[in-house]
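Asker: Have a look at the structure that comes next, please.
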Amino acid sequence: MAKNTICLWFDKDAEAAARFYCGIFPDSRMGAVLRAPSDYPAGKEGDVLTVEFTVAGIPCLGLNGGPVFAHNEAFSFQISTDDQEETDRYWNAIVGNGGQESECGWCKDRWGISWQITPRVLMDALAAGGDEAKRAFDAMMTMRKIDVAAIEAARRG
C-alpha cells in the first residue's frame, strides 16, 4: 500500500466500485481485498472490509463502512482527456452504468463519486487567459459533457 492513499467510504460496494473503475481507466488495477475478521457495526465476519486499488495511477482504498456517510461534490476525480473520443468513452461508462450527468464536465457514478471528465483543450484555453479563456469558459458553462469541437471553436472566436 502507498504511503498516501485516498480512502473512499462505501456502504457495502467497495469491491464492485473498484472493479468498475479498474475496467474503465488505464493505469488502474486491483490490489488486496481484506475481509472482516469478526462482526462489526456495518457488516459480518467474512464480509469485504477494504479493497486496495489504483485508478488512473492514484492509489485508493475502498472501505465498506456502512451507510453513515455519503459522497458529495467536495471530492471528485478529475480525468484529463486528449480528445472527444476519450471524453465520450469515460463519460458514457460512468453515466451509462447507473450514474448521472451534471454540469461543466461533471458527472457522478452509481455510488455517488463525482468525476470531472476534462478535455485538455479546455484547460489549455483557460490557461491562455484573456478573451480566449473567457470564450472557452462561457462555452463550457452551457455544457454537461464537454464538447471539444465547441471549445476549440470558442477559443478561435
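By order in the C-alpha cells, chains are A, B, ...; within a chain, residues start at 1; ligands start at 1, following the order shown.
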From a DSSP pass on the backbone, collect the residues of chain A flagged as strand (DSSP E or B) and hand them back as a ChimeraX atom specification.
Answerer: /A:6-10,29-35,40,43,48-55,58-64,76-81,100-101,106-108,114-119
Asker: Given only C-alpha atoms, how would the per-residue table for stretch 85-113 of chain A near stretch 17-37 of chain A read, listing every residue at most 8 Å away with its closest atom pair and distance in Å to one decimal, sorted by chain and number, as JSON lines?
Answerer:
```
{"residue": "A:Tyr90", "atom": "CA", "partner": "A:Ile24", "partner_atom": "CA", "distance": 7.0}
{"residue": "A:Ala93", "atom": "CA", "partner": "A:Ile24", "partner_atom": "CA", "distance": 7.2}
{"residue": "A:Trp111", "atom": "CA", "partner": "A:Ala17", "partner_atom": "CA", "distance": 7.4}
```
Asker: Please provide the set of residues having any atom within 7 Å of stretch 153-155 of chain A, restricted to only C-alpha atoms, with same-chain residues fewer than 5 positions apart removed, written as JSON, numbers by chain.
Answerer: {"A": [125, 132, 135, 136, 139]}
Asker: Residues near A:Leu8, anyone? I mean within 10 Å using only C-alpha atoms, not counting same-chain ones fewer than 2 positions away, as a list of chain:residue names.
Answerer: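 Close residues of A:Leu8: A:Thr5, A:Ile6, A:Phe10, A:Ala14, A:Thr50, A:Val51, A:Cys60, A:Leu61, A:Gly62, A:Leu63, A:Asn64, A:Gly65, A:His71, A:Phe75, A:Ile113.
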Asker: Residues as selected, all heavy atoms, written as a CSV table (one decimal), in the first residue's frame, can you do that?
Answerer:
```csv
chain,number,residue,atom,x,y,z
A,5,THR,N,-2.7,7.4,0.5
A,5,THR,CA,-3.8,6.7,-0.2
A,5,THR,C,-5.1,7.4,0.0
A,5,THR,O,-5.4,7.8,1.1
A,5,THR,CB,-3.9,5.3,0.2
A,5,THR,OG1,-2.7,4.6,0.0
A,5,THR,CG2,-5.0,4.5,-0.5
A,6,ILE,N,-5.9,7.6,-1.1
A,6,ILE,CA,-7.2,8.1,-0.9
A,6,ILE,C,-8.1,7.0,-0.4
A,6,ILE,O,-8.2,6.0,-1.0
A,6,ILE,CB,-7.7,8.7,-2.3
A,6,ILE,CG1,-6.9,9.9,-2.7
A,6,ILE,CG2,-9.2,9.0,-2.2
A,6,ILE,CD1,-7.2,10.3,-4.1
A,10,PHE,N,-17.6,3.5,1.3
A,10,PHE,CA,-18.8,2.9,0.6
A,10,PHE,C,-19.7,2.3,1.7
A,10,PHE,O,-19.3,1.9,2.8
A,10,PHE,CB,-18.3,1.9,-0.4
A,10,PHE,CG,-17.6,2.4,-1.5
A,10,PHE,CD1,-16.2,2.6,-1.5
A,10,PHE,CD2,-18.2,2.8,-2.7
A,10,PHE,CE1,-15.5,3.1,-2.6
A,10,PHE,CE2,-17.6,3.3,-3.8
A,10,PHE,CZ,-16.2,3.5,-3.7
A,14,ALA,N,-17.6,-1.5,-2.1
A,14,ALA,CA,-16.3,-1.1,-2.4
A,14,ALA,C,-15.6,-1.9,-3.5
A,14,ALA,O,-15.0,-1.4,-4.4
A,14,ALA,CB,-15.4,-1.0,-1.2
A,50,THR,N,-12.1,-3.9,3.3
A,50,THR,CA,-11.4,-2.9,2.5
A,50,THR,C,-10.9,-3.5,1.2
A,50,THR,O,-10.7,-4.8,1.1
A,50,THR,CB,-10.2,-2.4,3.2
A,50,THR,OG1,-9.2,-3.4,3.5
A,50,THR,CG2,-10.6,-1.7,4.5
A,51,VAL,N,-10.7,-2.7,0.2
A,51,VAL,CA,-10.2,-3.1,-1.1
A,51,VAL,C,-9.2,-2.0,-1.5
A,51,VAL,O,-9.4,-0.8,-1.6
A,51,VAL,CB,-11.4,-3.0,-2.2
A,51,VAL,CG1,-10.8,-3.4,-3.6
A,51,VAL,CG2,-12.5,-4.0,-1.8
A,60,CYS,N,-5.8,4.0,-4.1
A,60,CYS,CA,-7.1,4.2,-3.3
A,60,CYS,C,-7.3,3.0,-2.4
A,60,CYS,O,-6.8,1.9,-2.7
A,60,CYS,CB,-8.3,4.4,-4.3
A,60,CYS,SG,-8.2,5.8,-5.4
A,61,LEU,N,-8.1,3.3,-1.4
A,61,LEU,CA,-8.6,2.2,-0.5
A,61,LEU,C,-10.1,2.4,-0.5
A,61,LEU,O,-10.6,3.5,-0.1
A,61,LEU,CB,-8.0,2.3,0.9
A,61,LEU,CG,-8.5,1.3,1.9
A,61,LEU,CD1,-7.8,0.0,1.6
A,61,LEU,CD2,-8.2,1.8,3.3
A,62,GLY,N,-10.9,1.4,-0.8
A,62,GLY,CA,-12.3,1.4,-0.6
A,62,GLY,C,-12.7,0.8,0.7
A,62,GLY,O,-12.2,-0.4,1.0
A,63,LEU,N,-13.4,1.5,1.5
A,63,LEU,CA,-13.8,1.0,2.8
A,63,LEU,C,-15.3,0.8,2.9
A,63,LEU,O,-16.0,1.7,2.6
A,63,LEU,CB,-13.4,2.0,3.9
A,63,LEU,CG,-13.9,1.8,5.3
A,63,LEU,CD1,-13.3,0.6,5.9
A,63,LEU,CD2,-13.6,3.0,6.2
A,64,ASN,N,-15.7,-0.4,3.2
A,64,ASN,CA,-17.1,-0.7,3.4
A,64,ASN,C,-17.5,-0.4,4.8
A,64,ASN,O,-17.5,-1.2,5.7
A,64,ASN,CB,-17.4,-2.2,3.1
A,64,ASN,CG,-17.5,-2.5,1.6
A,64,ASN,OD1,-17.8,-1.6,0.8
A,64,ASN,ND2,-17.1,-3.7,1.2
A,65,GLY,N,-17.8,0.9,5.0
A,65,GLY,CA,-18.1,1.4,6.4
A,65,GLY,C,-19.6,1.5,6.7
A,65,GLY,O,-19.9,1.9,7.8
A,71,HIS,N,-21.2,10.2,-0.2
A,71,HIS,CA,-20.3,11.0,-1.0
A,71,HIS,C,-20.9,12.4,-1.4
A,71,HIS,O,-22.2,12.4,-1.5
A,71,HIS,CB,-19.9,10.3,-2.3
A,71,HIS,CG,-19.2,9.0,-2.0
A,71,HIS,ND1,-17.9,8.9,-1.6
A,71,HIS,CD2,-19.6,7.7,-2.1
A,71,HIS,CE1,-17.5,7.7,-1.4
A,71,HIS,NE2,-18.6,6.9,-1.7
A,75,PHE,N,-15.5,16.2,-3.1
A,75,PHE,CA,-14.4,15.3,-3.5
A,75,PHE,C,-14.8,14.8,-4.9
A,75,PHE,O,-15.9,14.4,-5.2
A,75,PHE,CB,-14.2,14.1,-2.6
A,75,PHE,CG,-13.2,13.1,-3.2
A,75,PHE,CD1,-11.9,13.3,-3.0
A,75,PHE,CD2,-13.6,12.1,-4.0
A,75,PHE,CE1,-10.9,12.4,-3.6
A,75,PHE,CE2,-12.7,11.2,-4.6
A,75,PHE,CZ,-11.4,11.4,-4.4
A,113,ILE,N,-19.8,8.9,-6.4
A,113,ILE,CA,-18.5,9.5,-6.5
A,113,ILE,C,-18.6,10.5,-7.7
A,113,ILE,O,-19.1,10.1,-8.8
A,113,ILE,CB,-17.4,8.5,-6.8
A,113,ILE,CG1,-17.3,7.5,-5.6
A,113,ILE,CG2,-16.0,9.2,-7.0
A,113,ILE,CD1,-16.6,8.0,-4.4
```
Asker: Mind pulling up the distance from atom CA of A:Glu73 to atom CA of A:Cys104?
Answerer: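 Between atom CA of A:Cys104 and atom CA of A:Glu73 the gap works out to 13.0 Å.
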Asker: For A:Val95, list every protein, DNA or RNA residue within 12 Å, evaluated using only C-alpha atoms, and leave out those in the same chain fewer than 2 positions away; present the list as a ChimeraX atom specification.
Answerer: /A:87-93,97-102,105-117,144-145
Asker: Could you work out how far atom CA of A:Phe69 lies from atom CA of A:Trp9, giving the answer in Å with one decimal?
Answerer: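 Between atom CA of A:Trp9 and atom CA of A:Phe69 the gap is 7.2 Å.
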Asker: Calculate how many Å separate atom CA of A:Val48 from atom CA of A:Ala16, rounding to one decimal.
Answerer: 10.5 Å
Asker: Between A:Gly57, A:Met123, A:Thr142, A:Glu45, which has the minimum distance to A:Phe77 (counting only C-alpha atoms)?
Answerer: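 Looking at the shortest contact to A:Phe77, the residue is A:Gly57.
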Asker: Per DSSP on the backbone, filter stretch 32-148 of chain A down to the residues in alpha helix (DSSP H) and report them as a VMD selection string.
Answerer: chain A and resid 84 to 95 120 to 128 130 to 140 148
Asker: Take the residues from that selection and put them in a file with N, CA, C and O atoms, as a compact mmCIF listing (two decimals), in the first residue's frame.
Answerer:
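Resulting contents of again_20.txt:
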```
# COMPACT_ATOMS: atom_id res chain seq x y z
N GLN A 84 -12.28 14.05 -28.08
CA GLN A 84 -13.69 13.78 -27.84
C GLN A 84 -13.97 12.29 -27.64
O GLN A 84 -14.79 11.92 -26.81
N GLU A 85 -13.26 11.46 -28.38
CA GLU A 85 -13.47 10.02 -28.25
C GLU A 85 -13.19 9.54 -26.83
O GLU A 85 -13.97 8.78 -26.24
N GLU A 86 -12.07 9.99 -26.26
CA GLU A 86 -11.73 9.60 -24.90
C GLU A 86 -12.71 10.21 -23.90
O GLU A 86 -13.15 9.54 -22.95
N THR A 87 -13.09 11.45 -24.11
CA THR A 87 -14.08 12.12 -23.26
C THR A 87 -15.38 11.33 -23.27
O THR A 87 -15.95 11.03 -22.22
N ASP A 88 -15.86 10.99 -24.46
CA ASP A 88 -17.11 10.24 -24.59
C ASP A 88 -17.01 8.87 -23.91
O ASP A 88 -17.96 8.43 -23.25
N ARG A 89 -15.88 8.19 -24.10
CA ARG A 89 -15.72 6.84 -23.55
C ARG A 89 -15.86 6.85 -22.02
O ARG A 89 -16.63 6.06 -21.45
N TYR A 90 -15.16 7.76 -21.34
CA TYR A 90 -15.24 7.81 -19.88
C TYR A 90 -16.59 8.30 -19.40
O TYR A 90 -17.17 7.74 -18.47
N TRP A 91 -17.09 9.35 -20.03
CA TRP A 91 -18.39 9.91 -19.66
C TRP A 91 -19.50 8.85 -19.79
O TRP A 91 -20.29 8.64 -18.87
N ASN A 92 -19.52 8.20 -20.94
CA ASN A 92 -20.56 7.20 -21.20
C ASN A 92 -20.44 6.00 -20.27
O ASN A 92 -21.46 5.43 -19.86
N ALA A 93 -19.22 5.61 -19.91
CA ALA A 93 -19.04 4.49 -18.99
C ALA A 93 -19.61 4.83 -17.62
O ALA A 93 -20.29 4.01 -17.00
N ILE A 94 -19.35 6.03 -17.15
CA ILE A 94 -19.81 6.43 -15.82
C ILE A 94 -21.32 6.68 -15.81
O ILE A 94 -22.06 6.12 -15.01
N VAL A 95 -21.78 7.53 -16.72
CA VAL A 95 -23.20 7.89 -16.76
C VAL A 95 -24.05 6.71 -17.21
O VAL A 95 -25.14 6.48 -16.68
N ARG A 120 -8.20 18.24 -22.25
CA ARG A 120 -7.03 19.13 -22.09
C ARG A 120 -7.21 20.44 -22.86
O ARG A 120 -6.71 21.48 -22.42
N VAL A 121 -7.95 20.40 -23.97
CA VAL A 121 -8.15 21.62 -24.75
C VAL A 121 -8.86 22.69 -23.92
O VAL A 121 -8.59 23.88 -24.06
N LEU A 122 -9.74 22.28 -23.02
CA LEU A 122 -10.42 23.23 -22.14
C LEU A 122 -9.43 23.86 -21.16
O LEU A 122 -9.40 25.08 -20.99
N MET A 123 -8.62 23.03 -20.53
CA MET A 123 -7.64 23.56 -19.58
C MET A 123 -6.61 24.45 -20.28
O MET A 123 -6.20 25.46 -19.72
N ASP A 124 -6.21 24.06 -21.49
CA ASP A 124 -5.28 24.89 -22.27
C ASP A 124 -5.89 26.25 -22.58
O ASP A 124 -5.22 27.28 -22.50
N ALA A 125 -7.18 26.26 -22.92
CA ALA A 125 -7.86 27.52 -23.23
C ALA A 125 -7.94 28.40 -21.99
O ALA A 125 -7.69 29.61 -22.06
N LEU A 126 -8.26 27.83 -20.86
CA LEU A 126 -8.34 28.62 -19.62
C LEU A 126 -6.96 29.16 -19.23
O LEU A 126 -6.85 30.30 -18.77
N ALA A 127 -5.93 28.35 -19.45
CA ALA A 127 -4.57 28.79 -19.12
C ALA A 127 -4.10 29.91 -20.05
O ALA A 127 -3.24 30.71 -19.66
N ALA A 128 -4.66 29.99 -21.26
CA ALA A 128 -4.26 31.03 -22.21
C ALA A 128 -4.66 32.42 -21.72
O ALA A 128 -4.03 33.41 -22.09
N GLY A 130 -7.19 35.83 -20.95
CA GLY A 130 -7.78 36.83 -21.83
C GLY A 130 -9.10 36.41 -22.45
O GLY A 130 -9.86 35.61 -21.90
N ASP A 131 -9.35 36.97 -23.63
CA ASP A 131 -10.61 36.70 -24.33
C ASP A 131 -10.77 35.23 -24.71
O ASP A 131 -11.88 34.69 -24.69
N GLU A 132 -9.66 34.58 -25.05
CA GLU A 132 -9.72 33.16 -25.42
C GLU A 132 -10.25 32.34 -24.25
O GLU A 132 -11.13 31.49 -24.41
N ALA A 133 -9.74 32.60 -23.05
CA ALA A 133 -10.20 31.89 -21.85
C ALA A 133 -11.66 32.20 -21.57
O ALA A 133 -12.44 31.31 -21.23
N LYS A 134 -12.04 33.45 -21.71
CA LYS A 134 -13.42 33.84 -21.43
C LYS A 134 -14.39 33.14 -22.39
O LYS A 134 -15.43 32.63 -21.96
N ARG A 135 -14.05 33.11 -23.67
CA ARG A 135 -14.92 32.45 -24.64
C ARG A 135 -15.06 30.96 -24.35
O ARG A 135 -16.16 30.39 -24.39
N ALA A 136 -13.94 30.31 -24.04
CA ALA A 136 -13.98 28.87 -23.73
C ALA A 136 -14.76 28.62 -22.44
O ALA A 136 -15.57 27.69 -22.36
N PHE A 137 -14.56 29.46 -21.45
CA PHE A 137 -15.27 29.32 -20.18
C PHE A 137 -16.78 29.50 -20.37
O PHE A 137 -17.58 28.71 -19.86
N ASP A 138 -17.14 30.53 -21.10
CA ASP A 138 -18.56 30.78 -21.36
C ASP A 138 -19.20 29.61 -22.12
O ASP A 138 -20.34 29.23 -21.84
N ALA A 139 -18.48 29.03 -23.06
CA ALA A 139 -18.98 27.88 -23.81
C ALA A 139 -19.15 26.69 -22.86
O ALA A 139 -20.18 26.00 -22.87
N MET A 140 -18.15 26.45 -22.00
CA MET A 140 -18.21 25.34 -21.06
C MET A 140 -19.42 25.46 -20.13
O MET A 140 -20.06 24.47 -19.80
N VAL A 148 -15.53 19.04 -27.27
CA VAL A 148 -14.19 19.51 -27.65
C VAL A 148 -14.25 20.46 -28.84
O VAL A 148 -13.62 21.53 -28.83
```
Asker: So which one's closest to A:Asp82, A:Pro119, A:Gly129, A:Glu15, A:Pro41? Using only C-alpha atoms, please.
Answerer: A:Pro119
